[in-house]
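The structure file query_33.cif is reproduced below (mmCIF, C-alpha atoms).
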data_target
#
loop_
_atom_site.label_atom_id
_atom_site.label_comp_id
_atom_site.auth_asym_id
_atom_site.auth_seq_id
_atom_site.Cartn_x
_atom_site.Cartn_y
_atom_site.Cartn_z
CA MET A 261 16.69 -22.97 -29.38
CA GLU A 262 13.54 -20.97 -28.58
CA ARG A 263 12.98 -21.12 -24.79
CA VAL A 264 15.93 -21.36 -22.42
CA ILE A 265 16.63 -21.92 -18.73
CA VAL A 266 20.00 -20.72 -17.38
CA THR A 267 21.42 -21.87 -14.03
CA GLY A 268 24.02 -19.79 -12.18
CA CYS A 269 22.85 -16.73 -14.08
CA LEU A 270 24.39 -14.17 -11.71
CA GLY A 271 27.96 -15.23 -12.35
CA GLN A 272 30.43 -13.61 -14.73
CA ILE A 273 29.24 -15.52 -17.81
CA GLY A 274 25.56 -15.75 -16.91
CA THR A 275 24.97 -12.04 -16.46
CA GLU A 276 26.02 -11.17 -20.01
CA LEU A 277 24.69 -14.36 -21.58
CA VAL A 278 21.19 -13.84 -20.19
CA GLU A 279 21.18 -10.28 -21.56
CA ARG A 280 22.18 -11.59 -25.00
CA LEU A 281 19.60 -14.38 -24.94
CA ARG A 282 16.83 -11.98 -23.97
CA LYS A 283 17.74 -9.70 -26.87
CA GLU A 284 17.80 -12.53 -29.41
CA LEU A 285 14.97 -14.77 -28.17
CA GLY A 286 12.76 -12.25 -26.40
CA THR A 287 12.65 -11.52 -22.69
CA ALA A 288 9.67 -13.80 -22.10
CA ASN A 289 11.57 -16.82 -23.50
CA VAL A 290 14.52 -16.83 -21.10
CA LEU A 291 14.28 -18.08 -17.51
CA ALA A 292 17.27 -16.96 -15.45
CA THR A 293 17.94 -18.82 -12.19
CA ASP A 294 20.43 -18.61 -9.34
CA ILE A 295 20.71 -19.68 -5.73
CA ARG A 296 20.27 -16.10 -4.52
CA MET A 297 18.12 -13.09 -5.42
CA PRO A 298 20.07 -9.86 -4.96
CA GLU A 299 18.36 -6.47 -4.92
CA ASP A 300 18.84 -3.89 -7.68
CA ASN A 301 20.17 -6.44 -10.16
CA PRO A 302 19.17 -6.04 -13.83
CA THR A 303 19.36 -9.79 -14.50
CA VAL A 304 16.76 -10.32 -11.78
CA GLU A 305 14.62 -7.29 -12.54
CA ASN A 306 14.60 -7.18 -16.35
CA GLY A 307 13.04 -10.55 -17.11
CA GLU A 308 11.92 -13.92 -15.84
CA PHE A 309 13.92 -14.98 -12.76
CA LYS A 310 13.54 -17.75 -10.18
CA VAL A 311 15.63 -18.82 -7.21
CA LEU A 312 17.09 -22.30 -7.82
CA ASP A 313 19.57 -24.40 -5.88
CA VAL A 314 20.94 -26.79 -8.52
CA LEU A 315 21.16 -29.49 -5.84
CA ASP A 316 17.34 -29.52 -5.83
CA LYS A 317 16.63 -31.65 -8.89
CA ASP A 318 12.85 -31.71 -8.41
CA ARG A 319 12.61 -27.91 -8.44
CA MET A 320 14.94 -27.72 -11.45
CA PHE A 321 12.68 -30.14 -13.33
CA LYS A 322 9.51 -28.25 -12.37
CA LEU A 323 10.90 -24.87 -13.44
CA ALA A 324 12.09 -26.27 -16.79
CA TYR A 325 8.82 -28.15 -17.37
CA ASP A 326 6.53 -25.29 -16.40
CA PHE A 327 8.48 -22.80 -18.52
CA LYS A 328 8.37 -25.21 -21.48
CA VAL A 329 12.06 -24.82 -22.26
CA ASP A 330 13.83 -26.58 -25.12
CA THR A 331 17.35 -25.64 -24.01
CA MET A 332 19.26 -25.73 -20.72
CA ILE A 333 22.46 -23.76 -20.12
CA HIS A 334 24.07 -24.98 -16.91
CA LEU A 335 26.61 -22.51 -15.49
CA ALA A 336 26.36 -23.03 -11.73
CA SER A 337 29.63 -24.22 -10.15
CA LEU A 338 32.41 -23.33 -7.73
CA LEU A 339 35.44 -21.91 -9.58
CA SER A 340 39.10 -22.86 -9.32
CA SER A 341 40.41 -20.81 -6.39
CA VAL A 342 37.27 -21.21 -4.28
CA ALA A 343 37.15 -24.93 -5.09
CA GLU A 344 40.65 -25.43 -3.68
CA ASP A 345 39.52 -23.87 -0.41
CA ARG A 346 36.36 -26.01 -0.35
CA PRO A 347 37.18 -29.21 -2.27
CA GLN A 348 34.41 -31.38 -0.83
CA ASP A 349 31.82 -28.69 -1.52
CA ALA A 350 33.23 -28.23 -5.02
CA TRP A 351 32.83 -31.91 -5.86
CA TYR A 352 29.32 -32.07 -4.40
CA ILE A 353 28.04 -28.85 -5.99
CA ASN A 354 29.77 -29.17 -9.35
CA MET A 355 29.03 -32.84 -9.94
CA THR A 356 25.60 -33.21 -8.31
CA GLY A 357 24.42 -30.00 -9.92
CA LEU A 358 25.61 -31.19 -13.32
CA THR A 359 24.06 -34.64 -12.90
CA ASN A 360 20.73 -33.06 -11.93
CA ALA A 361 20.85 -30.76 -14.95
CA LEU A 362 21.68 -33.63 -17.30
CA GLU A 363 18.84 -35.70 -15.89
CA VAL A 364 16.38 -32.86 -16.48
CA ALA A 365 17.74 -32.49 -20.02
CA ARG A 366 17.29 -36.24 -20.57
CA GLU A 367 13.77 -36.34 -19.20
CA LEU A 368 12.62 -33.28 -21.15
CA ASP A 369 14.71 -33.89 -24.30
CA LEU A 370 16.56 -30.56 -24.06
CA LEU A 371 19.51 -29.12 -25.94
CA PHE A 372 22.17 -28.84 -23.26
CA PHE A 373 25.25 -26.64 -22.79
CA THR A 374 27.72 -26.52 -19.91
CA PRO A 375 31.23 -25.08 -19.96
CA SER A 376 34.43 -26.90 -19.20
CA SER A 377 37.73 -25.08 -18.66
CA ILE A 378 41.47 -25.05 -19.27
CA GLY A 379 41.48 -26.22 -15.65
CA ALA A 380 40.68 -29.67 -17.05
CA PHE A 381 44.33 -29.93 -18.06
CA GLY A 382 47.23 -30.57 -15.71
CA PRO A 383 51.03 -30.40 -15.44
CA GLY A 384 51.44 -33.46 -17.67
CA THR A 385 49.55 -31.81 -20.54
CA PRO A 386 51.61 -30.23 -23.35
CA LYS A 387 51.72 -26.51 -22.45
CA ILE A 388 52.26 -24.99 -25.90
CA ASP A 389 49.47 -25.37 -28.49
CA THR A 390 47.73 -27.83 -26.17
CA PRO A 391 45.99 -30.37 -28.45
CA GLN A 392 42.25 -30.89 -28.47
CA ASP A 393 42.76 -34.53 -27.48
CA THR A 394 45.55 -34.99 -24.97
CA ILE A 395 46.34 -36.17 -21.45
CA GLN A 396 44.12 -34.63 -18.77
CA ARG A 397 45.40 -35.20 -15.24
CA PRO A 398 44.56 -32.00 -13.31
CA LYS A 399 45.84 -31.48 -9.77
CA THR A 400 42.94 -29.31 -8.57
CA MET A 401 39.44 -30.28 -7.47
CA TYR A 402 38.01 -27.79 -9.96
CA GLY A 403 39.94 -29.44 -12.77
CA ILE A 404 38.89 -32.90 -11.63
CA THR A 405 35.22 -31.90 -11.72
CA LYS A 406 35.68 -30.43 -15.19
CA VAL A 407 37.24 -33.62 -16.59
CA ALA A 408 34.51 -35.68 -14.96
CA GLY A 409 31.93 -33.27 -16.35
CA GLU A 410 33.24 -33.60 -19.90
CA LEU A 411 33.07 -37.39 -19.62
CA LEU A 412 29.61 -37.32 -18.04
CA CYS A 413 28.25 -35.13 -20.84
CA ASP A 414 29.80 -37.51 -23.39
CA TYR A 415 28.08 -40.38 -21.59
CA TYR A 416 24.66 -38.72 -21.67
CA PHE A 417 25.07 -38.06 -25.39
CA ASN A 418 26.21 -41.59 -26.23
CA LYS A 419 23.95 -43.46 -23.78
CA PHE A 420 20.75 -41.40 -23.82
CA GLY A 421 21.04 -39.23 -26.93
CA VAL A 422 21.05 -35.93 -25.02
CA ASP A 423 22.34 -33.18 -27.33
CA THR A 424 25.15 -32.05 -25.03
CA ARG A 425 27.63 -29.32 -26.03
CA GLY A 426 30.46 -27.48 -24.29
CA VAL A 427 33.72 -25.58 -24.57
CA ARG A 428 36.90 -25.38 -22.52
CA PHE A 429 36.90 -21.72 -21.56
CA PRO A 430 40.16 -19.92 -20.87
CA GLY A 431 40.28 -17.00 -18.45
CA LEU A 432 37.37 -14.65 -19.19
CA ILE A 433 37.65 -10.88 -18.97
CA SER A 434 34.61 -8.63 -18.55
CA TYR A 435 33.86 -5.04 -17.55
CA ASP A 436 30.28 -5.88 -16.59
CA THR A 437 30.52 -8.44 -13.79
CA LEU A 438 33.41 -9.17 -11.47
CA PRO A 439 34.74 -12.75 -11.54
CA GLY A 440 33.95 -15.13 -8.72
CA GLY A 441 37.07 -16.86 -7.47
CA GLY A 442 39.03 -18.03 -10.50
CA THR A 443 42.79 -18.21 -11.01
CA THR A 444 42.67 -15.84 -13.98
CA ASP A 445 40.75 -13.15 -12.04
CA TYR A 446 43.87 -10.97 -11.99
CA ALA A 447 43.34 -10.21 -15.68
CA VAL A 448 40.05 -8.48 -14.75
CA GLU A 449 41.25 -6.88 -11.52
CA ILE A 450 44.21 -5.22 -13.26
CA TYR A 451 41.89 -3.09 -15.40
CA TYR A 452 39.82 -1.96 -12.42
CA GLU A 453 42.96 -0.99 -10.51
CA ALA A 454 44.35 0.79 -13.55
CA ILE A 455 41.30 3.04 -13.59
CA LYS A 456 41.00 3.49 -9.82
CA ASN A 457 44.63 3.66 -8.66
CA ASN A 458 46.95 3.55 -11.71
CA HIS A 459 48.72 0.67 -9.97
CA TYR A 460 48.15 -3.04 -9.55
CA VAL A 461 49.74 -5.59 -7.21
CA CYS A 462 49.77 -8.80 -9.24
CA PRO A 463 49.35 -12.20 -7.51
CA ILE A 464 50.73 -14.10 -10.54
CA LYS A 465 54.46 -13.97 -11.25
CA GLU A 466 56.06 -12.44 -14.30
CA GLY A 467 56.35 -14.75 -17.30
CA THR A 468 53.26 -16.84 -16.46
CA TYR A 469 51.29 -17.28 -19.66
CA MET A 470 47.62 -18.27 -19.64
CA ASP A 471 44.93 -18.33 -22.31
CA MET A 472 42.32 -15.58 -22.12
CA MET A 473 39.23 -14.35 -23.93
CA TYR A 474 37.16 -11.17 -23.84
CA MET A 475 33.59 -11.81 -22.74
CA PRO A 476 31.91 -10.68 -25.99
CA ASP A 477 33.85 -13.43 -27.80
CA ALA A 478 32.89 -15.96 -25.12
CA ILE A 479 29.18 -15.13 -25.44
CA ASP A 480 29.45 -15.34 -29.23
CA ALA A 481 31.06 -18.78 -28.88
CA ILE A 482 28.22 -20.12 -26.73
CA MET A 483 25.60 -18.83 -29.13
CA MET A 484 27.43 -20.20 -32.18
CA LEU A 485 27.89 -23.65 -30.66
CA LEU A 486 24.25 -23.88 -29.56
CA GLN A 487 23.14 -22.99 -33.09
CA ALA A 488 25.65 -25.26 -34.84
CA ASP A 489 24.70 -28.35 -36.85
CA GLY A 490 24.97 -31.16 -34.31
CA SER A 491 25.84 -33.72 -36.97
CA LYS A 492 29.14 -31.93 -37.56
CA LEU A 493 30.22 -31.90 -33.92
CA VAL A 494 32.90 -34.46 -33.10
CA HIS A 495 34.32 -32.93 -29.92
CA ARG A 496 30.93 -31.78 -28.75
CA ASN A 497 31.55 -31.39 -24.99
CA ALA A 498 35.10 -30.09 -24.72
CA PHE A 499 36.14 -27.77 -27.54
CA ASN A 500 39.39 -25.90 -26.94
CA ILE A 501 38.71 -22.20 -27.50
CA SER A 502 40.89 -19.15 -26.84
CA ALA A 503 41.53 -15.70 -28.25
CA MET A 504 44.91 -14.73 -26.78
CA SER A 505 47.68 -15.89 -24.47
CA PHE A 506 49.59 -13.42 -22.32
CA SER A 507 51.60 -13.02 -19.13
CA PRO A 508 51.02 -10.30 -16.49
CA GLU A 509 53.75 -8.03 -17.86
CA LEU A 510 52.21 -8.14 -21.35
CA ILE A 511 48.78 -7.04 -20.14
CA ALA A 512 50.47 -4.27 -18.13
CA LYS A 513 52.35 -3.20 -21.27
CA SER A 514 49.07 -3.09 -23.19
CA ILE A 515 47.45 -0.92 -20.51
CA LYS A 516 50.41 1.50 -20.53
CA LYS A 517 49.76 2.20 -24.22
CA TYR A 518 46.55 3.93 -23.17
CA ARG A 519 47.46 4.92 -19.59
CA PRO A 520 51.23 5.62 -19.54
CA GLU A 521 51.16 6.40 -15.82
CA PHE A 522 50.10 2.85 -14.93
CA THR A 523 52.52 0.74 -12.88
CA MET A 524 52.49 -2.83 -11.56
CA SER A 525 54.30 -4.71 -8.80
CA TYR A 526 54.17 -8.34 -7.70
CA GLU A 527 53.10 -10.15 -4.54
CA VAL A 528 52.77 -13.73 -5.73
CA ASN A 529 49.98 -15.84 -4.22
CA PRO A 530 51.45 -19.37 -3.93
CA LYS A 531 48.08 -21.11 -4.24
CA LEU A 532 47.08 -19.22 -7.38
CA GLN A 533 50.55 -19.56 -8.87
CA ALA A 534 50.55 -23.33 -8.41
CA ILE A 535 47.22 -23.60 -10.22
CA ALA A 536 48.39 -21.30 -13.02
CA ASP A 537 51.60 -23.28 -13.46
CA SER A 538 49.60 -26.47 -14.01
CA TRP A 539 47.57 -24.97 -16.86
CA PRO A 540 48.47 -24.61 -20.57
CA ASN A 541 50.23 -21.56 -21.99
CA SER A 542 48.28 -21.70 -25.25
CA LEU A 543 45.58 -23.87 -26.83
CA ASP A 544 45.17 -25.41 -30.27
CA CYS A 545 41.63 -24.36 -31.27
CA HIS A 546 41.43 -25.75 -34.80
CA CYS A 547 38.66 -28.27 -34.00
CA ALA A 548 36.29 -25.52 -32.85
CA LYS A 549 37.11 -23.51 -35.96
CA GLU A 550 36.56 -26.47 -38.29
CA GLU A 551 33.49 -28.00 -36.66
CA TRP A 552 31.40 -24.88 -35.94
CA GLY A 553 33.27 -21.80 -37.17
CA PHE A 554 34.73 -20.41 -33.95
CA SER A 555 36.47 -17.10 -34.70
CA PRO A 556 37.24 -14.58 -31.91
CA LYS A 557 37.30 -10.87 -32.74
CA TYR A 558 39.38 -9.39 -29.90
CA ASP A 559 43.16 -9.48 -29.43
CA LEU A 560 44.91 -8.08 -26.34
CA ASP A 561 45.20 -4.44 -27.41
CA LYS A 562 41.67 -4.28 -28.84
CA MET A 563 40.32 -5.76 -25.61
CA THR A 564 42.39 -3.40 -23.45
CA GLN A 565 41.15 -0.34 -25.31
CA ASP A 566 37.53 -1.41 -24.94
CA MET A 567 37.90 -2.48 -21.29
CA LEU A 568 39.45 0.83 -20.25
CA LYS A 569 36.83 2.83 -22.12
CA LYS A 570 33.92 0.88 -20.62
CA LEU A 571 35.36 0.93 -17.09
CA GLU A 572 36.01 4.68 -17.24
CA GLU A 573 32.34 5.13 -18.09
CA LYS A 574 31.33 2.75 -15.29
CA LEU A 575 33.64 3.91 -12.49
CA CYS A 576 34.29 7.58 -13.18
#
What would you get if you wrote out this structure as C-alpha cells?
Amino acid sequence: MERVIVTGCLGQIGTELVERLRKELGTANVLATDIRMPEDNPTVENGEFKVLDVLDKDRMFKLAYDFKVDTMIHLASLLSSVAEDRPQDAWYINMTGLTNALEVARELDLLFFTPSSIGAFGPGTPKIDTPQDTIQRPKTMYGITKVAGELLCDYYFNKFGVDTRGVRFPGLISYDTLPGGGTTDYAVEIYYEAIKNNHYVCPIKEGTYMDMMYMPDAIDAIMMLLQADGSKLVHRNAFNISAMSFSPELIAKSIKKYRPEFTMSYEVNPKLQAIADSWPNSLDCHCAKEEWGFSPKYDLDKMTQDMLKKLEEKLC
C-alpha cells in the first residue's frame, strides 16, 4: 500500500482515516474523494481532494488511474437509520457504488477495503458472542446491503483474484466528526450533550446492549488489515471486530465518574430501537485476532476519559 484513493472521505471514518494515511504514506500519496466539497474542511484543504459520485464509474476509474493508486478504500454508503428512511436509494447507492469500486479494483489490480457492519446480522443471529460464521438474515435495508456486499467482495476475490478485505464494524465513537445517521449515534451524542448540557435524552431504551469501538481502534484495525499477510486471511471480507459492549445506562455511569452532575432520561425512538434490538449484544472476535492480530486498546472508561477531555478542548 503506497498510493491510496478513499471514497466517502468526509464521513465519520473517512475524516480520521485520511489524516492517518497522509501521515503514514505522505500527503501526496492519498487521494480523498467525496460527493461534496465543503468549505473550511481540513480533509479537503490539507491534501489531494476530488469530488466523486461513486455512481459515476468512469470518473472513479479515471481518478484512480490518473493518480496511479495501488489501493482503494471504499467508504461511501448510506447508514442504517438513513437507509430505513430511503431504502431504494440505499440499495442503489450502496450496491452500485460498491460494484463500481470493485470493478475499478479489478481493472487496475488494486488492494481493496470496504467495511461491513454488525447490521449484517439479524434477529435470528445468536446475540451473545455472535460467531464469525453464523446466520445472517437482517431486517433492514442497510443490513441487506452489507450482507450482499460481503458476498460480492468474496465473489470478486474468488472469481477475479481481487485482494478484497473488510471488517464488520460495531458502533464507532469519535470526538472529531459527528456520525451520519447510524443507530449507534447515541453513543457519540451523549458525550457532546454531557459537555454542553450535563444531560442527555436517550433514544435507545435501558438495557439495550450493542458493540462499540473508539475511533482510534477502528483506524488501527483498518491499517492492520490492509498491511496483513493476505495468505493468512480466511474471513477476508467480514471479520467480526469489537472493543466493548454496553447499554445506555452503562455509558452514562462511565460519564458520571468524570462528570458527577451528568444526568440522562429516555425518549425511545421506535425505529432506532427496532434496529438495535435486531443486532448482536456482543461479538466473538477471535478470527480477527488469530488471522491478523486485531487487538483494541480502549475499554469504556478509557474511551470516556479521552472523549470528555478532547470534547472539552473542542467545545469549551
Name every residue that the PyMOL selection byres ((chain A and resi 405-420) around 6) selects in this structure, writing the answer as a list of chain:residue names with chains first and numbers rising.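 So the PyMOL selection byres ((chain A and resi 405-420) around 6) ends up selecting A:Ser376, A:Ala380, A:Tyr402, A:Gly403, A:Ile404, A:Gly421, A:Val422, A:Asp423, A:Asn497.
Using the PyMOL selection byres ((chain A and resi 338) around 8) on this structure selects A:Ala336, A:Ser337, A:Leu339, A:Ser340, A:Val342, A:Ala343, A:Ala350, A:Ile353, A:Asn354, A:Tyr402, A:Gly441.
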How would you write, as a PDB file with C-alpha atoms, keeping the file's coordinate frame, the residues chosen by the PyMOL selection byres ((chain A and resi 550) around 12) on this structure?
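As a result, selection.pdb now contains:
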ATOM      1  CA  LEU A 485      27.890 -23.650 -30.660  1.00  0.00           C
ATOM      2  CA  ALA A 488      25.650 -25.260 -34.840  1.00  0.00           C
ATOM      3  CA  LYS A 492      29.140 -31.930 -37.560  1.00  0.00           C
ATOM      4  CA  LEU A 493      30.220 -31.900 -33.920  1.00  0.00           C
ATOM      5  CA  VAL A 494      32.900 -34.460 -33.100  1.00  0.00           C
ATOM      6  CA  HIS A 495      34.320 -32.930 -29.920  1.00  0.00           C
ATOM      7  CA  PHE A 499      36.140 -27.770 -27.540  1.00  0.00           C
ATOM      8  CA  ASN A 500      39.390 -25.900 -26.940  1.00  0.00           C
ATOM      9  CA  ILE A 501      38.710 -22.200 -27.500  1.00  0.00           C
ATOM     10  CA  ASP A 544      45.170 -25.410 -30.270  1.00  0.00           C
ATOM     11  CA  CYS A 545      41.630 -24.360 -31.270  1.00  0.00           C
ATOM     12  CA  HIS A 546      41.430 -25.750 -34.800  1.00  0.00           C
ATOM     13  CA  CYS A 547      38.660 -28.270 -34.000  1.00  0.00           C
ATOM     14  CA  ALA A 548      36.290 -25.520 -32.850  1.00  0.00           C
ATOM     15  CA  LYS A 549      37.110 -23.510 -35.960  1.00  0.00           C
ATOM     16  CA  GLU A 551      33.490 -28.000 -36.660  1.00  0.00           C
ATOM     17  CA  TRP A 552      31.400 -24.880 -35.940  1.00  0.00           C
ATOM     18  CA  GLY A 553      33.270 -21.800 -37.170  1.00  0.00           C
ATOM     19  CA  PHE A 554      34.730 -20.410 -33.950  1.00  0.00           C
ATOM     20  CA  SER A 555      36.470 -17.100 -34.700  1.00  0.00           C
TER      21      SER A 555
END
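The nearest approach to Tyr452 (chain A) among the residues A:Thr437, A:Thr275, A:Thr287, A:Gln392, with all atoms listed in the file taken into account, belongs to A:Thr437.
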For Pro476 (chain A), which residue among A:Ala503, A:Met524, A:Leu270, A:Val304 is the nearest when counting only C-alpha atoms?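 Looking only at the distances to Pro476 (chain A), the closest residue turns out to be A:Ala503.
The two atoms in question, CA of Glu308 (chain A) and CA of Gly274 (chain A), are spaced 13.8 Å apart.
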Closest of A:Met470, A:Met261, A:Ala534, A:Arg425 to Pro398 (chain A) - atom-to-atom distances counting all atoms listed in the file: A:Ala534
One number please: CA of Thr394 (chain A) to CA of His334 (chain A), in Å, one decimal. 25.0 Å
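Distance-wise, CA of Leu560 (chain A) and CA of Glu449 (chain A) end up 15.3 Å apart.
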Calculated over all atoms listed in the file, which of the candidates A:Arg296, A:Arg282, A:Arg496, A:Arg428 has the smallest distance to Leu543 (chain A)?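 So, comparing all the options, the nearest one is A:Arg428.
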If we count all atoms listed in the file and set the cut-off at 10 Å, which residues sit around Asn541 (chain A), ignoring sequence neighbours fewer than 6 positions away in its own chain? Please answer as a PyMOL selection string. chain A and resi 378+386-390+468-472+504-507
A:Phe327, A:Tyr460, A:Phe522, A:Phe381: which is nearest Lys310 (chain A), counting only C-alpha atoms?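 Under the stated criterion, the closest residue is A:Phe327.
Using all atoms listed in the file, the nearest neighbour of Thr443 (chain A) within the list A:Arg397, A:Met483, A:Pro383, A:Ser341 is A:Ser341.
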Please determine the residues with any atom at most 9 Å from (45.2, -10.9, -11.9) (coordinates as given in the file, with all atoms listed in the file counting) and report them as an MDAnalysis selection string. chainID A and resid 443:450 460:464 508
Selected residues written out, C-alpha atoms, as a PDB file, in the coordinates of the input:
ATOM      1  CA  THR A 443      42.790 -18.210 -11.010  1.00  0.00           C
ATOM      2  CA  THR A 444      42.670 -15.840 -13.980  1.00  0.00           C
ATOM      3  CA  ASP A 445      40.750 -13.150 -12.040  1.00  0.00           C
ATOM      4  CA  TYR A 446      43.870 -10.970 -11.990  1.00  0.00           C
ATOM      5  CA  ALA A 447      43.340 -10.210 -15.680  1.00  0.00           C
ATOM      6  CA  VAL A 448      40.050  -8.480 -14.750  1.00  0.00           C
ATOM      7  CA  GLU A 449      41.250  -6.880 -11.520  1.00  0.00           C
ATOM      8  CA  ILE A 450      44.210  -5.220 -13.260  1.00  0.00           C
ATOM      9  CA  TYR A 460      48.150  -3.040  -9.550  1.00  0.00           C
ATOM     10  CA  VAL A 461      49.740  -5.590  -7.210  1.00  0.00           C
ATOM     11  CA  CYS A 462      49.770  -8.800  -9.240  1.00  0.00           C
ATOM     12  CA  PRO A 463      49.350 -12.200  -7.510  1.00  0.00           C
ATOM     13  CA  ILE A 464      50.730 -14.100 -10.540  1.00  0.00           C
ATOM     14  CA  PRO A 508      51.020 -10.300 -16.490  1.00  0.00           C
TER      15      PRO A 508
END
What's around Arg519 (chain A) at 12 Å? Count only C-alpha atoms, leave out sequence neighbours fewer than 4 positions away in its own chain, and write the answer as a tab-separated table (two decimals) with C-alpha atoms, in the frame of the given file.
chain	number	residue	atom	x	y	z
A	451	TYR	CA	41.89	-3.09	-15.40
A	453	GLU	CA	42.96	-0.99	-10.51
A	454	ALA	CA	44.35	0.79	-13.55
A	455	ILE	CA	41.30	3.04	-13.59
A	456	LYS	CA	41.00	3.49	-9.82
A	457	ASN	CA	44.63	3.66	-8.66
A	458	ASN	CA	46.95	3.55	-11.71
A	459	HIS	CA	48.72	0.67	-9.97
A	512	ALA	CA	50.47	-4.27	-18.13
A	513	LYS	CA	52.35	-3.20	-21.27
A	514	SER	CA	49.07	-3.09	-23.19
A	515	ILE	CA	47.45	-0.92	-20.51
A	523	THR	CA	52.52	0.74	-12.88
A	564	THR	CA	42.39	-3.40	-23.45
A	565	GLN	CA	41.15	-0.34	-25.31
A	568	LEU	CA	39.45	0.83	-20.25
A	569	LYS	CA	36.83	2.83	-22.12
A	572	GLU	CA	36.01	4.68	-17.24
